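Participant: Okay, so here is coords.pdb, and as you'll see once you scroll down, it has PDB, C-alpha atoms.
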```pdb
ATOM      1  CA  MET Q  98     242.016 131.028  40.597
ATOM      2  CA  THR Q  99     242.127 127.771  42.342
ATOM      3  CA  ASP Q 100     244.164 124.773  41.391
ATOM      4  CA  THR Q 101     241.898 121.810  40.618
ATOM      5  CA  THR Q 102     244.772 119.359  40.513
ATOM      6  CA  GLU Q 103     244.304 116.552  42.966
ATOM      7  CA  ALA Q 104     247.203 114.497  44.192
ATOM      8  CA  THR Q 105     245.189 111.334  44.495
ATOM      9  CA  GLY Q 106     245.625 108.340  42.260
ATOM     10  CA  THR Q 107     248.538 106.127  41.351
ATOM     11  CA  ALA Q 108     252.005 107.367  40.508
ATOM     12  CA  GLY Q 109     252.122 109.057  37.135
ATOM     13  CA  GLU Q 110     248.411 109.809  37.129
ATOM     14  CA  ARG Q 111     247.097 113.306  37.649
ATOM     15  CA  ARG Q 112     243.468 114.249  37.776
ATOM     16  CA  LEU Q 113     242.244 117.465  36.277
ATOM     17  CA  GLY Q 114     238.627 117.847  37.167
ATOM     18  CA  ASP Q 115     236.880 114.880  35.618
ATOM     19  CA  ALA Q 116     239.649 114.029  33.106
ATOM     20  CA  THR Q 117     242.554 111.714  33.803
ATOM     21  CA  GLU Q 118     246.007 112.256  32.325
ATOM     22  CA  LEU Q 119     248.541 109.452  32.375
ATOM     23  CA  ARG Q 120     252.245 110.167  32.713
ATOM     24  CA  GLY Q 121     254.503 107.176  32.317
ATOM     25  CA  GLY Q 122     251.914 104.783  33.707
ATOM     26  CA  ALA Q 123     251.452 101.209  32.577
ATOM     27  CA  ALA Q 124     248.767 102.133  30.060
ATOM     28  CA  GLU Q 125     251.019 104.691  28.409
ATOM     29  CA  VAL Q 126     254.008 102.333  28.274
ATOM     30  CA  ALA Q 127     251.836  99.634  26.708
ATOM     31  CA  GLY Q 128     250.699 102.117  24.098
ATOM     32  CA  GLY Q 129     247.247 102.469  25.551
ATOM     33  CA  ARG Q 130     245.110 105.564  25.866
ATOM     34  CA  ALA Q 131     242.982 107.040  28.511
ATOM     35  CA  GLY Q 132     240.026 104.800  29.096
ATOM     36  CA  GLU Q 133     241.851 101.590  28.144
ATOM     37  CA  SER Q 134     243.130  99.175  30.670
ATOM     38  CA  PRO Q 135     246.857  98.367  30.660
ATOM     39  CA  ALA Q 136     246.007  94.738  29.772
ATOM     40  CA  ASP Q 137     244.406  95.725  26.439
ATOM     41  CA  PRO Q 138     246.693  95.015  23.471
ATOM     42  CA  VAL Q 139     247.736  97.922  21.303
ATOM     43  CA  GLY Q 140     244.825  99.208  19.230
ATOM     44  CA  ALA Q 141     242.390  96.702  20.741
ATOM     45  CA  GLY Q 142     240.169  99.419  22.137
ATOM     46  CA  PRO Q 143     237.130 100.767  20.314
ATOM     47  CA  ALA Q 144     239.251 103.133  18.202
ATOM     48  CA  GLY Q 145     241.608 100.286  17.208
ATOM     49  CA  ARG Q 146     238.737  98.095  16.025
ATOM     50  CA  ALA Q 147     237.476 100.901  13.802
ATOM     51  CA  ARG Q 148     240.970 101.446  12.359
ATOM     52  CA  ARG Q 149     241.591  97.838  11.315
ATOM     53  CA  PRO Q 150     238.861  97.638   8.643
ATOM     54  CA  ARG Q 151     239.961 100.999   7.195
ATOM     55  CA  HIS Q 152     243.555  99.789   7.149
ATOM     56  CA  ARG Q 153     242.531  96.576   5.371
ATOM     57  CA  LEU Q 154     240.471  98.542   2.856
ATOM     58  CA  ARG Q 155     243.458 100.751   2.076
ATOM     59  CA  ILE Q 156     245.669  97.720   1.524
ATOM     60  CA  LEU Q 157     243.026  96.095  -0.702
ATOM     61  CA  ALA Q 158     242.646  99.331  -2.669
ATOM     62  CA  VAL Q 159     246.411  99.561  -3.220
ATOM     63  CA  PHE Q 160     246.566  95.935  -4.404
ATOM     64  CA  ALA Q 161     243.562  96.473  -6.694
ATOM     65  CA  VAL Q 162     245.225  99.502  -8.298
ATOM     66  CA  LEU Q 163     248.506  97.598  -8.720
ATOM     67  CA  ALA Q 164     246.704  94.597 -10.239
ATOM     68  CA  ALA Q 165     244.825  96.852 -12.660
ATOM     69  CA  ALA Q 166     248.088  98.527 -13.671
ATOM     70  CA  VAL Q 167     249.769  95.162 -14.313
ATOM     71  CA  VAL Q 168     246.817  93.924 -16.395
ATOM     72  CA  TYR Q 169     246.796  97.161 -18.407
ATOM     73  CA  LEU Q 170     250.523  96.939 -19.104
ATOM     74  CA  LEU Q 171     250.246  93.289 -20.145
ATOM     75  CA  VAL Q 172     247.332  93.936 -22.491
ATOM     76  CA  GLU Q 173     248.979  96.979 -24.062
ATOM     77  CA  GLY Q 174     252.396  95.333 -24.331
ATOM     78  CA  LEU Q 175     251.167  92.054 -25.760
ATOM     79  CA  GLY Q 176     248.602  93.687 -28.000
ATOM     80  CA  SER Q 177     251.177  95.860 -29.713
ATOM     81  CA  SER Q 178     253.761  93.096 -30.027
ATOM     82  CA  LEU Q 179     251.491  90.512 -31.639
ATOM     83  CA  ASP Q 180     251.545  90.278 -35.423
ATOM     84  CA  TYR Q 181     247.808  90.587 -35.924
ATOM     85  CA  PHE Q 182     246.253  90.544 -39.370
ATOM     86  CA  ASP Q 183     242.806  90.725 -40.927
ATOM     87  CA  THR Q 184     241.723  88.121 -43.436
ATOM     88  CA  VAL Q 185     240.353  89.334 -46.764
ATOM     89  CA  GLY Q 186     236.813  88.465 -45.632
ATOM     90  CA  GLN Q 187     237.198  90.347 -42.332
ATOM     91  CA  ALA Q 188     238.742  93.399 -43.972
ATOM     92  CA  CYS Q 189     235.999  93.613 -46.595
ATOM     93  CA  ALA Q 190     233.300  93.339 -43.939
ATOM     94  CA  GLN Q 191     234.934  96.063 -41.809
ATOM     95  CA  LYS Q 192     236.129  98.313 -44.617
ATOM     96  CA  ALA Q 193     234.088 101.312 -43.462
ATOM     97  CA  SER Q 194     235.686 101.262 -40.012
ATOM     98  CA  ILE Q 195     239.166 100.475 -41.382
ATOM     99  CA  GLY Q 196     239.071 103.322 -43.917
ATOM    100  CA  THR Q 197     242.592 104.077 -45.147
ATOM    101  CA  ARG Q 198     244.317 102.997 -41.929
ATOM    102  CA  THR Q 199     247.381 100.735 -42.365
ATOM    103  CA  ILE Q 200     246.621  97.071 -41.656
ATOM    104  CA  ARG Q 201     248.010  93.607 -42.332
ATOM    105  CA  LEU Q 202     245.862  91.735 -44.835
ATOM    106  CA  GLU Q 203     246.076  87.943 -45.169
ATOM    107  CA  GLY Q 204     244.847  86.064 -48.184
ATOM    108  CA  LEU Q 205     245.653  83.451 -50.807
ATOM    109  CA  VAL Q 206     247.236  84.733 -54.039
ATOM    110  CA  VAL Q 207     244.790  83.964 -56.892
ATOM    111  CA  ARG Q 208     246.281  81.928 -59.758
ATOM    112  CA  GLY Q 209     246.886  83.914 -62.928
ATOM    113  CA  SER Q 210     246.501  87.277 -61.179
ATOM    114  CA  ILE Q 211     250.170  88.248 -60.749
ATOM    115  CA  HIS Q 212     251.371  91.001 -63.089
ATOM    116  CA  ARG Q 213     254.906  92.248 -62.461
ATOM    117  CA  THR Q 214     255.355  96.009 -62.793
ATOM    118  CA  ALA Q 215     258.336  98.360 -62.693
ATOM    119  CA  ALA Q 216     257.292  99.374 -59.151
ATOM    120  CA  GLY Q 217     256.564  95.835 -57.869
ATOM    121  CA  ALA Q 218     253.546  93.687 -58.701
ATOM    122  CA  ASP Q 219     249.767  93.762 -58.981
ATOM    123  CA  PHE Q 220     247.820  90.677 -57.926
ATOM    124  CA  VAL Q 221     244.595  89.514 -56.311
ATOM    125  CA  VAL Q 222     244.246  87.877 -52.884
ATOM    126  CA  SER Q 223     241.162  85.967 -51.802
ATOM    127  CA  GLY Q 224     239.691  84.702 -48.578
ATOM    128  CA  GLY Q 225     236.293  84.183 -47.029
ATOM    129  CA  GLY Q 226     234.662  84.290 -50.453
ATOM    130  CA  ARG Q 227     235.948  87.838 -51.117
ATOM    131  CA  HIS Q 228     238.650  89.186 -53.445
ATOM    132  CA  VAL Q 229     240.902  92.251 -53.121
ATOM    133  CA  THR Q 230     243.287  93.625 -55.751
ATOM    134  CA  VAL Q 231     246.720  94.435 -54.317
ATOM    135  CA  HIS Q 232     249.067  97.029 -55.801
ATOM    136  CA  GLU Q 233     252.514  96.194 -54.359
ATOM    137  CA  THR Q 234     255.113  98.965 -54.557
ATOM    138  CA  GLY Q 235     257.971  97.005 -53.010
ATOM    139  CA  SER Q 236     260.060  94.109 -54.180
ATOM    140  CA  PRO Q 237     258.132  90.812 -53.793
ATOM    141  CA  PRO Q 238     260.027  88.069 -51.940
ATOM    142  CA  GLN Q 239     261.528  85.169 -53.866
ATOM    143  CA  LEU Q 240     258.875  82.712 -52.615
ATOM    144  CA  PHE Q 241     256.018  84.936 -53.835
ATOM    145  CA  GLN Q 242     253.866  83.043 -56.343
ATOM    146  CA  PRO Q 243     250.242  82.071 -57.059
ATOM    147  CA  ALA Q 244     248.230  79.876 -54.697
ATOM    148  CA  ILE Q 245     250.245  80.619 -51.549
ATOM    149  CA  PRO Q 246     249.052  82.487 -48.466
ATOM    150  CA  VAL Q 247     250.581  85.932 -48.004
ATOM    151  CA  VAL Q 248     250.264  88.831 -45.593
ATOM    152  CA  VAL Q 249     250.493  92.261 -47.197
ATOM    153  CA  VAL Q 250     251.014  95.465 -45.215
ATOM    154  CA  GLY Q 251     249.288  98.591 -46.482
ATOM    155  CA  HIS Q 252     245.886 100.274 -46.734
ATOM    156  CA  PHE Q 253     242.784 100.443 -48.880
ATOM    157  CA  ALA Q 254     242.914 103.217 -51.511
ATOM    158  CA  GLY Q 255     239.605 104.541 -50.167
ATOM    159  CA  PRO Q 256     236.781 103.556 -47.803
ATOM    160  CA  THR Q 257     234.754 101.961 -50.624
ATOM    161  CA  SER Q 258     237.658 100.788 -52.789
ATOM    162  CA  PHE Q 259     238.704  97.162 -53.208
ATOM    163  CA  LEU Q 260     242.222  98.259 -54.209
ATOM    164  CA  PHE Q 261     244.774  97.604 -51.476
ATOM    165  CA  VAL Q 262     248.021  99.604 -51.728
ATOM    166  CA  SER Q 263     250.885  97.676 -50.161
ATOM    167  CA  ASP Q 264     254.589  98.229 -49.613
ATOM    168  CA  GLN Q 265     255.443  94.855 -48.063
ATOM    169  CA  ILE Q 266     254.615  91.206 -48.788
ATOM    170  CA  MET Q 267     255.336  88.528 -46.210
ATOM    171  CA  VAL Q 268     255.511  84.880 -47.247
ATOM    172  CA  LYS Q 269     256.287  82.546 -44.386
ATOM    173  CA  HIS Q 270     256.332  78.790 -44.652
ATOM    174  CA  THR Q 271     257.741  76.147 -42.367
ATOM    175  CA  ALA Q 272     259.545  73.069 -43.620
ATOM    176  CA  ASN Q 273     256.428  71.028 -42.707
ATOM    177  CA  TYR Q 274     254.211  73.228 -44.886
ATOM    178  CA  ILE Q 275     256.619  72.953 -47.816
ATOM    179  CA  ALA Q 276     256.804  69.152 -47.425
ATOM    180  CA  GLN Q 277     252.995  68.865 -47.383
ATOM    181  CA  HIS Q 278     252.479  71.220 -50.359
ATOM    182  CA  PRO Q 279     255.543  70.902 -52.623
ATOM    183  CA  ASN Q 280     253.789  72.346 -55.676
ATOM    184  CA  ARG Q 281     252.618  75.501 -53.875
ATOM    185  CA  VAL Q 282     256.006  76.860 -52.867
ATOM    186  CA  ARG Q 283     258.201  77.181 -55.949
ATOM    187  CA  ALA Q 284     260.459  80.092 -56.709
ATOM    188  CA  PRO Q 285     260.095  81.825 -60.089
ATOM    189  CA  ASP Q 286     263.183  79.919 -61.279
ATOM    190  CA  GLY Q 287     261.302  76.628 -60.654
ATOM    191  CA  LYS Q 288     263.206  75.493 -57.591
ATOM    192  CA  VAL Q 289     261.199  74.063 -54.724
ATOM    193  CA  HIS Q 290     261.862  75.849 -51.432
TER
END
```
Show me the file's structure as structure tokens.

Facilitator:
Amino acid sequence: MTDTTEATGTAGERRLGDATELRGGAAEVAGGRAGESPADPVGAGPAGRARRPRHRLRILAVFAVLAAAVVYLLVEGLGSSLDYFDTVGQACAQKASIGTRTIRLEGLVVRGSIHRTAAGADFVVSGGGRHVTVHETGSPPQLFQPAIPVVVVGHFAGPTSFLFVSDQIMVKHTANYIAQHPNRVRAPDGKVH
């Protein structure tokens, strides 16, 4: 076997046949590779140009995934924390899809429809030109009376039934609402609240 190593070239450079290997030369110190001049900045060669777009795409992909995760968390977090309700008209129109799932139903208590029972109260709420009978099994709040808006929590007795079984009535009025409608918000004892 013959040694094909030639001693020609600059210090730190050794030639093996047609290939050049750098050892401690300026190109190696500058981070360069064989075939790049020592004056080329790091990664500025043909391989470096190809790497930059891939690197940018990776960074963009990571940011896109992070942004999607943040949006998902916001939508899920806010969606579950909002007190959403269906109006009587909406609930009647979507009764087939609602089925017997628990919802919040908002409507106006119809005058003359409240009948107190041992378990709570039965009454009718209206909205959007529709009426739903509510069977309340809890204790109605003190402000509960005819002609006031309420939100009841419960479910329809069946997919085609207009009977809504509830275990909670929410009556919420601000001082401004009470001032504007003094005759609507009266407790059963006659006091205006």

Participant: Go ahead and compute the interatomic distance for CA of Ser258 (chain Q) and CA of Val185 (chain Q), in Å to one decimal.

Facilitator: 13.2 Å

Participant: Check what the PyMOL selection byres ((chain Q and resi 259) around 10) selects in the file above and give those residues as a list in words.

Facilitator: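 This file, filtered by the PyMOL selection byres ((chain Q and resi 259) around 10), leaves Ala188, Cys189, Lys192, Arg227, His228, Val229, Thr230, Val231, Phe253, Ala254, Gly255, Pro256, Thr257, Ser258, Leu260, Phe261 and Val262 of chain Q.
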
Participant: Applied to the shown file, which residues does the PyMOL selection byres ((chain Q and resi 209) around 9) return, written as a CSV table (one decimal) with C-alpha atoms, in the frame of the given file?

Facilitator:
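As written to disk, out.csv reads:
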```csv
chain,number,residue,atom,x,y,z
Q,206,VAL,CA,247.2,84.7,-54.0
Q,207,VAL,CA,244.8,84.0,-56.9
Q,208,ARG,CA,246.3,81.9,-59.8
Q,210,SER,CA,246.5,87.3,-61.2
Q,211,ILE,CA,250.2,88.2,-60.7
Q,212,HIS,CA,251.4,91.0,-63.1
Q,220,PHE,CA,247.8,90.7,-57.9
Q,221,VAL,CA,244.6,89.5,-56.3
Q,243,PRO,CA,250.2,82.1,-57.1
```

Participant: Between Q:Ala193, Q:Ala158, Q:Ile200, Q:Ile266, which is the closest to Phe241 (chain Q) once you count only C-alpha atoms?

Facilitator: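 For Phe241 (chain Q), the nearest of the given residues is Q:Ile266.
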
Participant: Extract, using only C-alpha atoms, all DNA, RNA and protein residues at most 6 Å from Ser263 (chain Q), discarding same-chain residues fewer than 3 positions from it, and format them as a ChimeraX atom specification.

Facilitator: /Q:232-233,250-251

Participant: With distances taken over all atoms listed in the file, which of Q:Met267, Q:Ile156, Q:Leu175, Q:Val222 is nearest to Gly204 (chain Q)?

Facilitator: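 Answer, going by the shortest atom-to-atom distance: Q:Val222.
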
Participant: Rounded to one decimal in Å, what is the spacing between CA of Arg201 (chain Q) and CA of Gly225 (chain Q)?

Facilitator: 15.8 Å

Participant: Residue by residue, what does the PyMOL selection byres ((chain Q and resi 246) around 8) grab here? Present the result as an mmCIF file with C-alpha atoms, in the coordinates of the input.

Facilitator:
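Written out: selection_14.cif:
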```cif
data_model
loop_
_atom_site.group_PDB
_atom_site.id
_atom_site.type_symbol
_atom_site.label_atom_id
_atom_site.label_comp_id
_atom_site.auth_asym_id
_atom_site.auth_seq_id
_atom_site.Cartn_x
_atom_site.Cartn_y
_atom_site.Cartn_z
ATOM 1 C CA GLU Q 203 246.076 87.943 -45.169
ATOM 2 C CA GLY Q 204 244.847 86.064 -48.184
ATOM 3 C CA LEU Q 205 245.653 83.451 -50.807
ATOM 4 C CA VAL Q 206 247.236 84.733 -54.039
ATOM 5 C CA ALA Q 244 248.230 79.876 -54.697
ATOM 6 C CA ILE Q 245 250.245 80.619 -51.549
ATOM 7 C CA VAL Q 247 250.581 85.932 -48.004
ATOM 8 C CA VAL Q 248 250.264 88.831 -45.593
ATOM 9 C CA VAL Q 268 255.511 84.880 -47.247
#
```

Participant: Report the distance between CA of Gln265 (chain Q) and CA of Gly217 (chain Q) in Å, rounded to one decimal place.

Facilitator: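 So the answer is 9.9 Å.
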
Participant: Starting from the incomplete input, reconstruct N, CA and C atoms of region 246-260 of chain Q and write that as a short mmCIF file (atom, residue, chain, number, x, y, z; two decimals), keeping the file's coordinate frame.

Facilitator:
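Final output, selection18.cif:
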```cif
data_model
loop_
_atom_site.label_atom_id
_atom_site.label_comp_id
_atom_site.auth_asym_id
_atom_site.auth_seq_id
_atom_site.Cartn_x
_atom_site.Cartn_y
_atom_site.Cartn_z
N PRO Q 246 249.56 81.45 -49.38
CA PRO Q 246 249.05 82.49 -48.47
C PRO Q 246 250.12 83.56 -48.24
N VAL Q 247 249.68 84.81 -48.24
CA VAL Q 247 250.58 85.93 -48.00
C VAL Q 247 249.92 86.90 -47.02
N VAL Q 248 250.74 87.71 -46.40
CA VAL Q 248 250.26 88.83 -45.59
C VAL Q 248 250.88 90.07 -46.22
N VAL Q 249 250.02 91.01 -46.61
CA VAL Q 249 250.49 92.26 -47.20
C VAL Q 249 250.21 93.40 -46.22
N VAL Q 250 251.14 94.33 -46.12
CA VAL Q 250 251.01 95.46 -45.22
C VAL Q 250 250.73 96.70 -46.05
N GLY Q 251 249.65 97.39 -45.73
CA GLY Q 251 249.29 98.59 -46.48
C GLY Q 251 247.93 99.10 -46.06
N HIS Q 252 247.20 99.68 -47.03
CA HIS Q 252 245.89 100.27 -46.73
C HIS Q 252 245.01 100.24 -47.98
N PHE Q 253 243.70 100.34 -47.76
CA PHE Q 253 242.78 100.44 -48.88
C PHE Q 253 242.94 101.83 -49.49
N ALA Q 254 242.77 101.94 -50.83
CA ALA Q 254 242.91 103.22 -51.51
C ALA Q 254 241.83 104.20 -51.07
N GLY Q 255 240.71 103.70 -50.64
CA GLY Q 255 239.60 104.54 -50.17
C GLY Q 255 238.63 103.69 -49.37
N PRO Q 256 237.70 104.33 -48.66
CA PRO Q 256 236.78 103.56 -47.80
C PRO Q 256 235.87 102.60 -48.56
N THR Q 257 235.62 102.86 -49.85
CA THR Q 257 234.75 101.96 -50.62
C THR Q 257 235.53 101.19 -51.69
N SER Q 258 236.83 101.40 -51.76
CA SER Q 258 237.66 100.79 -52.79
C SER Q 258 238.07 99.37 -52.40
N PHE Q 259 238.18 98.51 -53.42
CA PHE Q 259 238.70 97.16 -53.21
C PHE Q 259 240.15 97.07 -53.69
N LEU Q 260 240.81 98.21 -53.85
CA LEU Q 260 242.22 98.26 -54.21
C LEU Q 260 243.02 98.45 -52.92
#
```
